[in-house]
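Have a look at the structure below, then the notes.
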Amino acid sequence: MSGYLIIGLGLLAQGLFSARFIVQLLQSEKENKVVSPSLFWQLSLFASLLLMIYGFFRNDLVIVGGQLVGYLIYIRNLQLKGDWNELPIVARLAAFLLPLGIAGVLIFGIDYNWDKFLDNPEIEGLLLTWGTLGQLIFTSRFVVQWLYSEKKQESLFPVSFWYISLVGAIIIAVYAIFRKDAVLFIGQAFGLVVYSRNLILHHATKLEKSMDILQKFKAYRFPALWLFTGFVLFFNLGNWEVTESSEARYALIPQEMVESGDYMHPTLMGIHHYHKPPMTYWITALSYKIFGVSSWSARFFLQWALLLQLWLVYKIAGMVFKNDKQAFFSALLFASFPTFIIGGRALTTDAYLAVFIFAALLFWLKYVEKKRVLDLMLFYSMLGLGFLTKGPVVLIVPVVLIVVQRFQGVKGNLGIGWHTLGTFLFLSIGLSWFVLLYIEDAQFLDYFVFKHTVQRFATDTFSRSQPFWFYGAIVLGTAFPWILIVLFNSKDCWKRNDRKVKWLLAWTLIPLIFFSISKSKLILYILPVYPGIAMLSIAVWMGLSKQIQKKWDWVLFAFQLLVLSALALSPLIEPQLVLSYKFYFLLVITASLLISIRVIPFKVIDRSVFGAYLFVMGITAASTYFFGSNAGLVNDQKPIAAFINEELSDKKHLWIYDKRMPSMSFLTDKNIISLYDGDESLNRETQFEKTDSWKDNLINLQELPGWMQQQDLSQTVLMVREKQLLKFPEKFPLTSFAHRKDFGKWVLLY
C-alpha cells in the first residue's frame, strides 16, 4: 500500500475522531443536556477501525493495541443503544474478527525490539513520561464510561468522563507545547472547549427551552467568532517570510524608517519611495519598535486590521438591519470571503484602508440616526486617516452610499457649518503629509496628483492592466455562490422596494463598475465592496424559501468538497508542490466539520453560512503550511536568505542581477547591489534624490558594461535567475566564481 494512502487513512481517522465530539456537542446543545448520540459511537467505531488498519500497515502494535480497548467499548455502547443488532450478522462477526486478526498478525508475525518502545531519542524521558501519563488518563475515560453505562444499562456519559477528558487534554496540550506540535495542540485545545461545555450542561440547574444553536449563544456568539477568527489569523503567521514583490516592499520601507529615524520620507533600498502615503509604513514601524523586525511583526497589526473590519461590519449590519442575527450572519459571511483572508496574508495598504472606510461608514450611520456632532467629526476623521493610507480612493464607497441615501431622502440635520468644520478636519489630517512634502519640493504636486492618481486610474503606468470583466470574475470566484444567489433574485429584490436592499445594491455595484473602468487592477482594490456583498447576500438569503435554500446549500457543499479534493490531489497535477501531513490533517479536519454539520440537526438557513465560514477558516489554517513548504512557488526567499546568513556570513556584498529584490534587504544584513540590465522593476524614480549616493547600490550595466570585472569578488555573492545565466558569458565569465548553489529558479554564485 502506498505511503500516501497509509497517511491518508491515519488523517481520516483523526478527522473522524474530532468530528464525533462536534456531533455530540451540537446534539447536546440542541437538547439542552449531555447526550450520547448513536452517530458518536458509529464515527468512533469507524475511525478506530481505520486507525487499526493504519497501524497494521505501519507495523505498529502500539497503535493497534491502544485502539482495541476503545473499539470494543464503542461496540458495547451501540449494543446498549440497540443499534448493533440491526447490522447483518456477517458484518458483526467481521467487526469483531478483523481487529483481532490484525493484532494477532502483528504480535506473532513480527519481531519487535520492545526496549525501543520506551526509548525515544527524540523525546526527553521526563517529557515522554508526561505525555504517556496524559495518554493513559485520556484512554481510561472510555473505560469509566463503559463501566458507568453497564451499571445503568444505557449508553451514557458520566460527569467523570468529562473531568478525566479535561485533565488528559490539559496534560497532552502541555506535552504538545514542549514538542512544538501545533496539530496535536489544536486538537486538544478544541477538545477543552467541548469537555468544558459538556460539564456546564451537566451541572446546569435549569434547562432552557430548546432553540436553534446560534440563537442560544446569542449573547456571546460574535465574541466567539471574533476570537476564533483571531486565532486562525495569527496561527503560524511567521511560518513564511515576506514575499516578493509587494509585501517585501511594504515590509522594508518601515524597517528603513526605523533605522534612519526619518518617518516623513519613505525610502526603498536607499531611494526615496513616495508611491503611497505613509500610514501603513507608520503602523508597521510601530510593530517593529515593539516586537523587533521580522515577517511576523510586519503582519501583526495587519491581523488586527482584519479583526477590526469584522467588528465594524457586524456593527454596520446591526444598524442597517436592526436585527442581531442578520448582523452576525453578515459578519460571518464577510469572514468567509477569501478576499478578507488575502488582505491579511501579505502586508499591503488595502486592509488598513478598509478599516478606515468601514469606520467612516459606521460613524456616518450613527450620525444619521442620532444627529450627534461627535459622530460627524469622527466620520470626517476616519476619511482623513484613510486618505493618509491610500489617497482619494478612500472616498469612493462612502460618497456613493451617502449620495444614494440623499436620493432616498435620508440625511442628517446638522447645518452646513458643521460639515465645513468636518471637511476642514478631513483635509487637515488627509493632506498633512502631502502638504509638508509640497512645501519642501513643489514638484510633489504633479507627482501625486497626476502620476499616482490620474495616470494610475487612466493608464497602465504600473503594469496592472486587466480586462473590464476582471473584477466580475474575481467576485464570482471569491463570493461563490452568494453573488449568484443575489443575481438570481435581483429582480425580486428590486420589486421589494426595500430601501436598505437598494442601498446595499449600490454599495456592491457602483464601486465595482468604477474599479472595473480603471486601468490599474489588483484583487484587494475591491475589498471595501465585500461588506455590501455580505449584507446583501444575507438580506436575500433569509428571504428565500427553505426549499430553495436547500438547493443552494447542496451547491455550496459540493463546491467545498471539490476545492478540498483539488487541494489534496494538487501534487499529482503539480509535482513541485510539497504538502506536509499537517496540511492534510487540517484539510481532513475541515472536511469532517463540514460533514458533521450536515448529519446533525442544524437549520439549513444557519448551516450554509456557518459552513462557508468553517471552510475558509480551515483552508486558511492549512495554507500556512503550504506557504512554509513551498517558498519558491510563493516568492518567499527564506531558503536563499538562510543559506546566505548561515553559510556565507563572511561575505559583504550581495549582487542581484536585473531584479529588484527588497526581500533580500529585509532578510539579510548584506550590502545589496542591484545590477540593472533592462528589467522595468529597477527603473527607480530618482528625481527626489539630493545626492548620487544611490548609484553605489544600483548599477546600470547597460551604461557600465565592464563594472563587474573591476570588482573584488572575494566578498561577493551573485544572485541570478537560472534562465538568465546564458547572458553572462558575454558580460562576465561565470568561472570567476568558485561555487554554485541552486534554489529553484534562482542561482547563487560565490
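Quick note on naming: the chains in the C-alpha cells go A, B, ... in the order shown, residues restart at 1 in each chain, and ligands are numbered from 1 in order of appearance.
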- Distance query stretch 669-673 of chain A at most 9 Å, only C-alpha atoms, self and fewer than 2 positions along chain excluded, as a VMD selection string: chain A and resid 269 644 to 645 649 651 to 657 661 to 662 664 to 667 675 696 to 699
Residue selection dump (C-alpha atoms) as a compact mmCIF listing (two decimals), in the first residue's frame:
# COMPACT_ATOMS: atom_id res chain seq x y z
CA MET A 269 16.62 50.18 -0.75
CA ILE A 644 23.48 33.30 2.84
CA ASN A 645 23.15 34.14 6.54
CA SER A 649 28.18 35.05 6.69
CA LYS A 651 30.53 37.78 2.51
CA LYS A 652 29.84 41.52 2.49
CA HIS A 653 28.07 42.18 -0.82
CA LEU A 654 25.09 40.56 -2.49
CA TRP A 655 24.70 41.35 -6.18
CA ILE A 656 21.24 40.76 -7.61
CA TYR A 657 21.15 40.63 -11.40
CA MET A 661 14.54 42.16 -4.52
CA PRO A 662 13.64 44.10 -1.35
CA MET A 664 16.88 40.15 0.42
CA SER A 665 17.47 43.53 2.06
CA PHE A 666 14.85 42.62 4.66
CA LEU A 667 16.11 39.08 5.35
CA LEU A 675 22.51 45.21 -11.36
CA ASP A 696 26.50 52.85 -5.40
CA ASN A 697 23.74 50.25 -4.96
CA LEU A 698 22.02 50.46 -8.35
CA ILE A 699 24.46 49.77 -11.19
- DSSP helix (DSSP H, G or I) selection over stretch 539-741 of chain A, as a PyMOL selection string: chain A and resi 539-541+546-573+581-599+604-629+638-647+662-667+680-682+693-696+708-710+713-715+722-730+734-736
- atom CA of A:Ala641 to atom CA of A:Trp746, straight-line distance in Å: 11.7 Å
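Using only C-alpha atoms, the shortest contact distance between A:Phe737 and any of A:Met708, A:Leu43, A:Leu199, A:Leu50 is found at A:Met708.
Close contacts of A:Leu332, defined as residues with an atom at most 9 Å away when counting only C-alpha atoms, with chain neighbours fewer than 5 positions off set aside, comprise A:Phe222, A:Leu225, A:Leu310, A:Tyr314, A:Ala327, A:Ala534, A:Val609, A:Phe610, A:Ala612, A:Tyr613.
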- Note on the structure: Min atom-atom distance to A:Glu689 from the set A:Gly82, A:Gly343, A:Gly270, A:Gly10, counting only C-alpha atoms, belongs to A:Gly270
- Name the residues in contact with A:Tyr274 at a cut-off of 8 Å, using only C-alpha atoms, excluding same-chain residues fewer than 4 positions from it; report them as a ChimeraX atom specification. /A:265-267
- Message: At a cut-off of 7 Å, using only C-alpha atoms, what residues contact stretch 291-306 of chain A? Leave out same-chain residues fewer than 6 positions from it and give the result as JSON, numbers by chain.
- Response: {"A": [233, 234, 237, 238, 241, 242, 251, 255, 284, 344, 347, 351, 352, 355]}
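Proximity ranking of A:Gly409, A:Gly472, A:Gly678, A:Pro338 relative to A:Thr620 places A:Pro338 first, based on only C-alpha atoms.
Across the structure, atom CA of A:Gln710 and atom CA of A:Asn683 are spaced 23.6 Å apart.
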- Message: Please compute the atom CA of A:Phe626-atom CA of A:Val588 distance, one decimal, in Å.
- Response: 14.9 Å
